[in-house]
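Remarks on the structure that follows.
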Amino acid sequence: MLRFLGSDDTWKTLRSISRHRNCPLYVATPFLGDGAGKLLHLKRGDVLVVALTIANSRNGSVCPKEIARLQAKGVKVCLSPVLHAKVLLCGRKVVVGSANLSQTSFRVLDEAAIITTNPTVVKHSRAWFQQRMLEEVSPKWLAACAKEWHPPRGGFGLRGTPRPAGSTLWLIGLNFSEPYPEDEIAVERQGAAQAKQQLSDPSRFTVQPIRWTGRYSFLNQIKRGDRVVQIMQATDSRSHYAEELARLIGMRKTKSRRGVEVTYLYLEAPKRPKRTPWVKFKRSCSEYGLRLKANTVTRQITQPAQVAKIMALVSRR
């Protein structure tokens with residue numbers, strides 16, 4: 001067997017192999033994020049080869065605490081300072097690809113790999129691992145690296161790290177809008193005027209405001225440049241649809257008469273947007289592994305393969 005694994009299949013295959021087996025698992029990954037040991041079902045007798053160095057501890061790409069957790073479970077963790085390969089060996093299967101053992105690789109990055117059962121490749125892979133299992137991570141070295149460890153700045157873990165703008169697709173459920181309150185019209189228009197200056201092509205796109213009342217966590221997560229699919233909701237199922245892809249180009253906050261926080265989001269939206277019927281959109285998303293409810297409020301999509309497929313669904317060909 002020789003098969004290419006794209007974004008949809010890489011992590012699905014890695015996790016399946018690690019779960020359904022009756023032999024030790026050998027994993028080589030230079031970088032290991034905090035909490036990433038849960039991504040594969042590593043257990044006593046398995047082997048993990050990592051690039052645990054002072055430099056990789058300082059920049060947060062290898063987490064000493066995660067290594068300690070795995071060692072406590074009986075996983076043999078070996079040191080290979082200049083490792084850059086990503087290899088998994090399990091019985092007669094070998095996977096060679098791009099994925100590090102990190103939450104960012106699992107949730108955000110666009111990964112790929114090759115899986116094979118070729119006996120020659122399996123034989124050479126086993127020998128390759130044996131050459132990199134000569135030095136286990138000692139308690140002394142682990143403690144030295146733990147003193148130097150700092151959380152990553154750029155994204156080996158999702159929690160507490162900035163997410164680059166435009167890396168996420170948002171599904172936002174909206175009811176058919178009513179006129180904005182008169183006392184907010186001035187604020188809304190000021191924000192729209194500023195957003196208009198950000199349009200990439202005024203002949204094709206227009207500024208579309210969305211009003212949100214109250215505090216929602218997604219308003220602290222969404223960033224300028226992020227892509228948005230508006231799901232227009234109505235009691236009449238025939239007018240329930242997903243609108244063509246838009247892009248967030250501005251935000252403005254104010255307060256209602258009652259003192260409730262109000263946020264205006266300004267989208268760069270096509271002047272004549274394509275509309276995908278809700279039934280078709282929901283069915284297609286289900287095929288991509290996304291289960292949606294008719295009353296979806298907000299949904300953050302970060303898997304590159306899912307983002308690409310939804311964008312293709314709602315964009316003009």
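Chain lettering (A, B, ...) mirrors the order of the structure tokens, residue numbering begins at 1 for each chain separately, and ligand numbering begins at 1 in order of display.
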> If we count only C-alpha atoms, what is near stretch 109-117 of chain A at a cut-off of 8 Å, once residues fewer than 5 positions away on the same chain are taken out, given as a VMD selection string?
Replying inline: chain A and resid 1 to 7 10 92 to 99 104 122 303 to 305
>> What's around A:Ile249 at 10 Å? Count only C-alpha atoms, leave out sequence neighbours fewer than 4 positions away in its own chain, and write the answer as a list in words.
In response: Ala192, Gln194, Ala195, Lys196, Gln197, Gln198, Leu199, Ser200, Val207, Gln208, Lys223, Arg224, Gly225, Asp226, Arg227, Leu265, Tyr266, Leu267, Glu268 and Ala269 of chain A
Please write the residues from the selection above to a file, keeping N, CA and C atoms, as a PDB file, in the first residue's frame.
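The resulting out.pdb:
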```pdb
ATOM      1  N   ALA A 192     -19.103  52.777   9.072  1.00  0.00           N
ATOM      2  CA  ALA A 192     -19.255  52.352   7.685  1.00  0.00           C
ATOM      3  C   ALA A 192     -18.361  53.179   6.757  1.00  0.00           C
ATOM      4  N   GLN A 194     -15.499  54.593   7.518  1.00  0.00           N
ATOM      5  CA  GLN A 194     -14.122  54.152   7.693  1.00  0.00           C
ATOM      6  C   GLN A 194     -13.891  52.802   7.011  1.00  0.00           C
ATOM      7  N   ALA A 195     -14.882  51.915   7.132  1.00  0.00           N
ATOM      8  CA  ALA A 195     -14.751  50.596   6.515  1.00  0.00           C
ATOM      9  C   ALA A 195     -14.717  50.699   4.998  1.00  0.00           C
ATOM     10  N   LYS A 196     -15.446  51.669   4.450  1.00  0.00           N
ATOM     11  CA  LYS A 196     -15.500  51.831   2.991  1.00  0.00           C
ATOM     12  C   LYS A 196     -14.119  52.087   2.408  1.00  0.00           C
ATOM     13  N   GLN A 197     -13.276  52.729   3.186  1.00  0.00           N
ATOM     14  CA  GLN A 197     -11.921  53.012   2.728  1.00  0.00           C
ATOM     15  C   GLN A 197     -11.070  51.746   2.644  1.00  0.00           C
ATOM     16  N   GLN A 198     -11.542  50.658   3.275  1.00  0.00           N
ATOM     17  CA  GLN A 198     -10.798  49.401   3.299  1.00  0.00           C
ATOM     18  C   GLN A 198     -11.246  48.430   2.204  1.00  0.00           C
ATOM     19  N   LEU A 199     -12.243  48.808   1.412  1.00  0.00           N
ATOM     20  CA  LEU A 199     -12.728  47.914   0.361  1.00  0.00           C
ATOM     21  C   LEU A 199     -11.623  47.640  -0.656  1.00  0.00           C
ATOM     22  N   SER A 200     -11.457  46.381  -1.010  1.00  0.00           N
ATOM     23  CA  SER A 200     -10.417  46.024  -1.976  1.00  0.00           C
ATOM     24  C   SER A 200     -10.808  46.410  -3.396  1.00  0.00           C
ATOM     25  N   VAL A 207     -19.939  47.762   1.708  1.00  0.00           N
ATOM     26  CA  VAL A 207     -19.839  47.600   3.159  1.00  0.00           C
ATOM     27  C   VAL A 207     -21.187  47.141   3.696  1.00  0.00           C
ATOM     28  N   GLN A 208     -21.159  46.055   4.430  1.00  0.00           N
ATOM     29  CA  GLN A 208     -22.389  45.526   5.022  1.00  0.00           C
ATOM     30  C   GLN A 208     -22.232  45.473   6.539  1.00  0.00           C
ATOM     31  N   LYS A 223     -11.190  38.714  14.026  1.00  0.00           N
ATOM     32  CA  LYS A 223     -10.203  39.731  13.692  1.00  0.00           C
ATOM     33  C   LYS A 223     -10.447  40.271  12.287  1.00  0.00           C
ATOM     34  N   ARG A 224      -9.992  41.498  12.070  1.00  0.00           N
ATOM     35  CA  ARG A 224     -10.061  42.069  10.729  1.00  0.00           C
ATOM     36  C   ARG A 224      -9.326  41.153   9.757  1.00  0.00           C
ATOM     37  N   GLY A 225      -9.940  40.893   8.636  1.00  0.00           N
ATOM     38  CA  GLY A 225      -9.352  39.986   7.657  1.00  0.00           C
ATOM     39  C   GLY A 225      -9.952  38.602   7.702  1.00  0.00           C
ATOM     40  N   ASP A 226     -10.592  38.249   8.828  1.00  0.00           N
ATOM     41  CA  ASP A 226     -11.253  36.949   8.913  1.00  0.00           C
ATOM     42  C   ASP A 226     -12.403  36.877   7.911  1.00  0.00           C
ATOM     43  N   ARG A 227     -12.629  35.689   7.401  1.00  0.00           N
ATOM     44  CA  ARG A 227     -13.694  35.493   6.428  1.00  0.00           C
ATOM     45  C   ARG A 227     -14.982  35.080   7.132  1.00  0.00           C
ATOM     46  N   LEU A 265     -20.147  45.136  13.312  1.00  0.00           N
ATOM     47  CA  LEU A 265     -19.146  44.513  12.459  1.00  0.00           C
ATOM     48  C   LEU A 265     -19.403  44.989  11.034  1.00  0.00           C
ATOM     49  N   TYR A 266     -18.342  45.335  10.332  1.00  0.00           N
ATOM     50  CA  TYR A 266     -18.475  45.810   8.957  1.00  0.00           C
ATOM     51  C   TYR A 266     -17.792  44.815   8.024  1.00  0.00           C
ATOM     52  N   LEU A 267     -18.588  44.274   7.122  1.00  0.00           N
ATOM     53  CA  LEU A 267     -18.104  43.250   6.200  1.00  0.00           C
ATOM     54  C   LEU A 267     -17.905  43.821   4.807  1.00  0.00           C
ATOM     55  N   GLU A 268     -16.869  43.350   4.145  1.00  0.00           N
ATOM     56  CA  GLU A 268     -16.726  43.574   2.716  1.00  0.00           C
ATOM     57  C   GLU A 268     -17.486  42.444   2.033  1.00  0.00           C
ATOM     58  N   ALA A 269     -18.638  42.756   1.469  1.00  0.00           N
ATOM     59  CA  ALA A 269     -19.526  41.741   0.895  1.00  0.00           C
ATOM     60  C   ALA A 269     -19.766  42.015  -0.582  1.00  0.00           C
TER      61      ALA A 269
END
```
> Closest to A:Cys285 among A:Leu134, A:Gly214, A:Leu313, A:Gln71, using only C-alpha atoms?
Replying inline: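 Using only C-alpha atoms, A:Cys285 sits closest to A:Leu313.
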>> Give me the residues near A:Ala146 as a count of residues only, where near means some atom within 9 Å (using only C-alpha atoms) and where sequence neighbours in that chain fewer than 2 positions away do not count.
In response: 13
>> Just list as an MDAnalysis selection string whatever in stretch 26-162 of chain A DSSP marks as strand (DSSP E or B).
In response: chainID A and resid 26:28 32 47:50 62 76:79 87:90 93:97 101 113:116 136
>> As an exercise, work out the distance from atom CA of A:Ser61 to atom CA of A:Trp170 in Å and give it to one decimal place.
In response: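 Those two atoms sit 27.9 Å apart.
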>> as a ChimeraX atom specification, please: every residue in stretch 137-302 of chain A that DSSP puts in helix (DSSP H, G or I).
In response: /A:139-148,182-196,217-220,237-239,278-287
Neighbouring residues of stretch 277-281 of chain A were defined as those with any atom within 7 Å, considering only C-alpha atoms; residues of the same chain fewer than 3 positions away were excluded. Please report them as an mmCIF file with N, CA and C atoms, in the first residue's frame.
```
data_model
loop_
_atom_site.group_PDB
_atom_site.id
_atom_site.type_symbol
_atom_site.label_atom_id
_atom_site.label_comp_id
_atom_site.auth_asym_id
_atom_site.auth_seq_id
_atom_site.Cartn_x
_atom_site.Cartn_y
_atom_site.Cartn_z
ATOM 1 N N HIS A 240 -34.205 30.794 3.957
ATOM 2 C CA HIS A 240 -33.116 30.455 4.873
ATOM 3 C C HIS A 240 -31.931 30.007 4.017
ATOM 4 N N TYR A 241 -30.797 30.772 4.064
ATOM 5 C CA TYR A 241 -29.707 30.475 3.149
ATOM 6 C C TYR A 241 -28.377 30.941 3.729
ATOM 7 N N ALA A 242 -27.290 30.461 3.106
ATOM 8 C CA ALA A 242 -25.939 30.927 3.423
ATOM 9 C C ALA A 242 -25.503 31.868 2.314
ATOM 10 N N SER A 284 -23.950 19.695 2.813
ATOM 11 C CA SER A 284 -22.548 19.711 2.388
ATOM 12 C C SER A 284 -21.608 19.826 3.577
ATOM 13 N N CYS A 285 -21.945 20.671 4.553
ATOM 14 C CA CYS A 285 -21.117 20.810 5.749
ATOM 15 C C CYS A 285 -21.048 19.499 6.522
#
```
> Any idea what the distance is between atom CA of A:Leu32 and atom CA of A:Gln130?
Replying inline: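 Distance reported for this atom pair: 20.3 Å.
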> atom CA of A:Ala312 and atom CA of A:Ile172, how far apart in Å?
Replying inline: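 Distance between the two atoms: 17.3 Å.
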For A:Gly37: contacts at 8 Å, only C-alpha atoms, fewer than 5 positions along chain excluded, given as an mmCIF file with N, CA and C atoms, in the first residue's frame:
```cif
data_model
loop_
_atom_site.group_PDB
_atom_site.id
_atom_site.type_symbol
_atom_site.label_atom_id
_atom_site.label_comp_id
_atom_site.auth_asym_id
_atom_site.auth_seq_id
_atom_site.Cartn_x
_atom_site.Cartn_y
_atom_site.Cartn_z
ATOM 1 N N LEU A 32 6.892 19.416 20.202
ATOM 2 C CA LEU A 32 5.851 18.817 21.045
ATOM 3 C C LEU A 32 5.224 19.921 21.874
ATOM 4 N N LEU A 42 -0.642 7.490 23.109
ATOM 5 C CA LEU A 42 0.647 6.949 23.545
ATOM 6 C C LEU A 42 0.495 6.272 24.893
ATOM 7 N N GLU A 66 5.136 18.357 29.141
ATOM 8 C CA GLU A 66 4.442 17.328 28.376
ATOM 9 C C GLU A 66 5.288 16.062 28.298
ATOM 10 N N LEU A 70 4.321 12.223 29.703
ATOM 11 C CA LEU A 70 4.423 11.010 28.900
ATOM 12 C C LEU A 70 5.359 9.994 29.553
ATOM 13 N N LEU A 101 3.610 17.102 16.645
ATOM 14 C CA LEU A 101 2.659 16.718 17.677
ATOM 15 C C LEU A 101 2.287 17.974 18.464
#
```
Which residues are close to A:Thr213, i.e. within 8 Å by only C-alpha atoms, leaving aside same-chain residues fewer than 3 positions away? Reply as a short mmCIF file (atom, residue, chain, number, x, y, z; two decimals) with C-alpha atoms, in the first residue's frame.
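So selection-v3.cif came out as:
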```cif
data_model
loop_
_atom_site.label_atom_id
_atom_site.label_comp_id
_atom_site.auth_asym_id
_atom_site.auth_seq_id
_atom_site.Cartn_x
_atom_site.Cartn_y
_atom_site.Cartn_z
CA VAL A 260 -26.12 47.60 26.83
CA GLU A 261 -22.91 47.10 24.84
CA VAL A 262 -23.45 47.19 21.07
CA THR A 263 -20.91 46.07 18.47
#
```
> Excluding same-chain residues fewer than 4 positions from A:Glu244, what lies within 12 Å of it counting only C-alpha atoms, as JSON, numbers by chain?
Replying inline: {"A": [171, 205, 227, 228, 229, 230, 231, 232, 267, 268, 269, 270, 271, 272, 273, 274, 275, 276, 277, 281, 310, 311, 312, 313, 314, 315, 316, 317]}
